[in-house]
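Visitor: Okay, here's the structure, questions in a sec.
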Amino acid sequence: MSLHQDFSISAFTAGLLAVIISYAGPLVIFFQAGQSAQVSPEMMSSWVWAISFGAGLSGLLLSWWLKVPVVTAWSAPGTALLVTLFPAITLEQAVGAYLVAGVVILLIGLSGYFDKLIGLIPKGIASAMMAGILFQFGVGAFQAVKTTPVLTLAMMGIYLLFRRLLPRYCLIILLLAGLGLAVVLEGVSLSGVQWTLARPTLITPEWTWGATLSLAVPLVLVSVTGQYLPGMAILRGAGYGTPARPIIVATSVASLAVACFGGISIVIAAITAALCTGKDAHEQADKRYIAGMANGLFYLVGGTFASTIILLFAALPKALIAVLAGLALIGAIAGSLVNAVNEVDHREASIITFLATASGMTLWGLGSAFWGVVIGGLAYVLLHKPWQRELAR
């Protein structure tokens, strides 16, 4: 099959939506980190260029090569770490820590041990973890009614109408309608948004033990547990048996390539990946890789006009993105919940995983996706039927 034959509007739209949600959500944390570091607008533009090109090239090439919708992004939990560390560490020290983290994650990928870890997670628990991660975004769509009731309810009505009439084009119609409603109902003005090319700025790295221990080590932990673990679980849950090794290796190489321009670790996406791996992207699983390629392509466009992207998303209402993300992920949430409860032999452990993950709990710097799997895995070991039969003897 050629790219032309496999192309579909639905897959293309899924890739676009994944980029929009990434820019409108995790990018906000990046702006906060930039404010903490007191960087210039030009340096901020270089940061956005770096993470966009790192994610764009890796996702585009991996999706084309593996014929799987590999959606990549930058480490959102890792970016949150930066907010707390700047200005105690310098920008040069942060870049040195990025490089250390990139090398460590590259070695993890080359070792092949991560594939073995993923293989140990029962299907129901992996699906429950994914459902727990996405659940908050589904709820967020309805919570937006508190601040923008007319916009929120109108978008929900449009979603239901076109989900019935034109299901394959529902999300692109919802996106366009949402933008129109934001202009009409919320008075959004895009007059200040100008097309400006990004100018990458090279940063000389500096290695210190303090930055390595306070940033590089936690960055490796949160990237592996908060991004690669759920991201690979999403691919497996969608029926793709792609090994983690090529994905981890490629994203690590991308991380090392963009680090000196301010780009934090490039990883496989977790939340936005669900948009590109389900039936909303394409009914046929072997044609959803187009969504991954489209995602990478739109990241490259966004990186090229990084300064424009910053201005554009500053102008859009948060409620618009919250509703768009929540409604777009309904299919992924439903599929994950069904897969979780269908595993009858460990249904209770799956529900425990879902609740722990959806709670948003954090402990020792590790997020709810990690703890959901740990607690759910413990419940699986203790409550699984073979153990019950042994105890009954």
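Here's how to read the names in the structure tokens: chain A, B, ... by the order shown, residue numbers from 1 in each chain, ligand numbers from 1 in the order shown.
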I need the residues in range 159-197 of chain A that are alpha helix (DSSP H) according to DSSP; give them as an NGL selection string.

Guide: :A and (159-165 or 170-186)

Visitor: Which neighbours of Leu185 in chain A fall inside 8 Å, counting only C-alpha atoms, when residues of the same chain fewer than 2 positions from it are skipped, and could you give them as a list in words?

Guide: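 My list of contacting residues is Val150, Leu151, Leu181, Ala182, Val183 and Gly187 of chain A.
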
Visitor: Restricting it to N, CA and C atoms, dump the selection as a PDB file, in the first residue's frame.

Guide:
ATOM      1  N   VAL A 150     -22.254  28.320  27.397  1.00  0.00           N
ATOM      2  CA  VAL A 150     -22.809  28.341  26.039  1.00  0.00           C
ATOM      3  C   VAL A 150     -21.855  27.668  25.053  1.00  0.00           C
ATOM      4  N   LEU A 151     -20.577  28.019  25.128  1.00  0.00           N
ATOM      5  CA  LEU A 151     -19.578  27.415  24.239  1.00  0.00           C
ATOM      6  C   LEU A 151     -19.507  25.909  24.459  1.00  0.00           C
ATOM      7  N   LEU A 181     -17.086  29.423  17.238  1.00  0.00           N
ATOM      8  CA  LEU A 181     -17.842  29.784  18.437  1.00  0.00           C
ATOM      9  C   LEU A 181     -17.002  30.614  19.402  1.00  0.00           C
ATOM     10  N   ALA A 182     -15.707  30.300  19.488  1.00  0.00           N
ATOM     11  CA  ALA A 182     -14.825  31.064  20.374  1.00  0.00           C
ATOM     12  C   ALA A 182     -14.738  32.526  19.928  1.00  0.00           C
ATOM     13  N   VAL A 183     -14.727  32.752  18.622  1.00  0.00           N
ATOM     14  CA  VAL A 183     -14.675  34.122  18.095  1.00  0.00           C
ATOM     15  C   VAL A 183     -15.990  34.857  18.352  1.00  0.00           C
ATOM     16  N   GLY A 187     -15.422  36.338  22.043  1.00  0.00           N
ATOM     17  CA  GLY A 187     -14.707  37.532  21.592  1.00  0.00           C
ATOM     18  C   GLY A 187     -13.231  37.315  21.341  1.00  0.00           C
TER      19      GLY A 187
END

Visitor: Which residue gives the smallest distance to Arg288 in chain A among A:Ala238, A:Ala128, A:Gly262, A:Gly109, with only C-alpha atoms counted?

Guide: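 Of A:Ala238, A:Ala128, A:Gly262, A:Gly109, the one nearest Arg288 in chain A is A:Ala238, counting only C-alpha atoms.
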
Visitor: Give the answer as one residue: which of A:Ala94, A:Thr196, A:Leu60, A:Ile51 has the shortest atom-to-atom distance to Thr308 in chain A, using only C-alpha atoms?

Guide: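 Checking each candidate against Thr308 in chain A, we get A:Thr196 as the closest.
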
Visitor: Hey, which of A:Gln227, A:Ser265, A:Ile158, A:Ser336 ends up closest to Leu171 in chain A? Count only C-alpha atoms.

Guide: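 Of all the options, A:Ile158 lies closest to Leu171 in chain A.
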
Visitor: What separation in Å, quoted to one decimal, exists between CA of Arg347 in chain A and CA of Phe370 in chain A?

Guide: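 The value is 18.8 Å.
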
Visitor: Got a sec: who's within 8 Å of range 239-245 of chain A, counting only C-alpha atoms, leaving out chain neighbours fewer than 6 positions off, as a list of chain:residue names?

Guide: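 My list of contacting residues is A:Leu66, A:Val68, A:Gly109, A:Leu110, A:Ser111, A:Gly112, A:Phe114, A:Asp115, A:Met232.
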
Visitor: Keeping only N, CA and C atoms, write the selected residues as a compact mmCIF listing (two decimals), in the first residue's frame.

Guide:
# COMPACT_ATOMS: atom_id res chain seq x y z
N LEU A 66 7.67 1.94 10.90
CA LEU A 66 7.02 0.81 11.59
C LEU A 66 5.60 0.57 11.11
N VAL A 68 2.99 2.07 12.14
CA VAL A 68 2.23 2.10 13.39
C VAL A 68 2.07 3.56 13.78
N GLY A 109 16.79 1.72 26.30
CA GLY A 109 16.17 1.23 25.07
C GLY A 109 16.99 0.17 24.39
N LEU A 110 18.29 0.38 24.32
CA LEU A 110 19.17 -0.59 23.67
C LEU A 110 19.21 -1.92 24.43
N SER A 111 19.03 -1.87 25.74
CA SER A 111 19.11 -3.09 26.55
C SER A 111 17.98 -4.07 26.27
N GLY A 112 16.81 -3.55 25.87
CA GLY A 112 15.67 -4.41 25.61
C GLY A 112 14.88 -4.80 26.85
N PHE A 114 13.04 -2.96 28.73
CA PHE A 114 11.74 -2.31 28.83
C PHE A 114 10.66 -3.15 28.16
N ASP A 115 11.01 -3.82 27.06
CA ASP A 115 10.04 -4.71 26.41
C ASP A 115 9.59 -5.82 27.34
N MET A 232 3.46 2.94 25.64
CA MET A 232 3.57 1.61 25.05
C MET A 232 2.34 0.76 25.38

Visitor: Given only C-alpha atoms as the basis, pick out the residue of A:Gly54, A:Gly102, A:Gly138, A:Gly132 nearest to Val323 in chain A.

Guide: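 Selected residue with least distance to Val323 in chain A: A:Gly138.
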
Visitor: So that I can see what lies close to Gly56 in chain A, please list as a PyMOL selection string the residues with an atom at most 6 Å from it, counting only C-alpha atoms and leaving out residues fewer than 6 positions away in the same chain.

Guide: chain A and resi 296+299-300

Visitor: Could the residues in this selection be saved with N, CA, C and O atoms as an mmCIF file, in the first residue's frame?

Guide:
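Output contents, as saved in result.cif:
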data_model
loop_
_atom_site.group_PDB
_atom_site.id
_atom_site.type_symbol
_atom_site.label_atom_id
_atom_site.label_comp_id
_atom_site.auth_asym_id
_atom_site.auth_seq_id
_atom_site.Cartn_x
_atom_site.Cartn_y
_atom_site.Cartn_z
ATOM 1 N N GLY A 296 3.442 14.149 13.275
ATOM 2 C CA GLY A 296 4.821 14.608 13.121
ATOM 3 C C GLY A 296 4.924 15.784 12.177
ATOM 4 O O GLY A 296 5.667 16.745 12.435
ATOM 5 N N TYR A 299 3.756 18.955 13.850
ATOM 6 C CA TYR A 299 4.768 19.414 14.809
ATOM 7 C C TYR A 299 5.875 20.194 14.086
ATOM 8 O O TYR A 299 6.380 21.203 14.601
ATOM 9 N N LEU A 300 6.271 19.712 12.914
ATOM 10 C CA LEU A 300 7.309 20.402 12.157
ATOM 11 C C LEU A 300 6.840 21.793 11.723
ATOM 12 O O LEU A 300 7.606 22.760 11.768
#
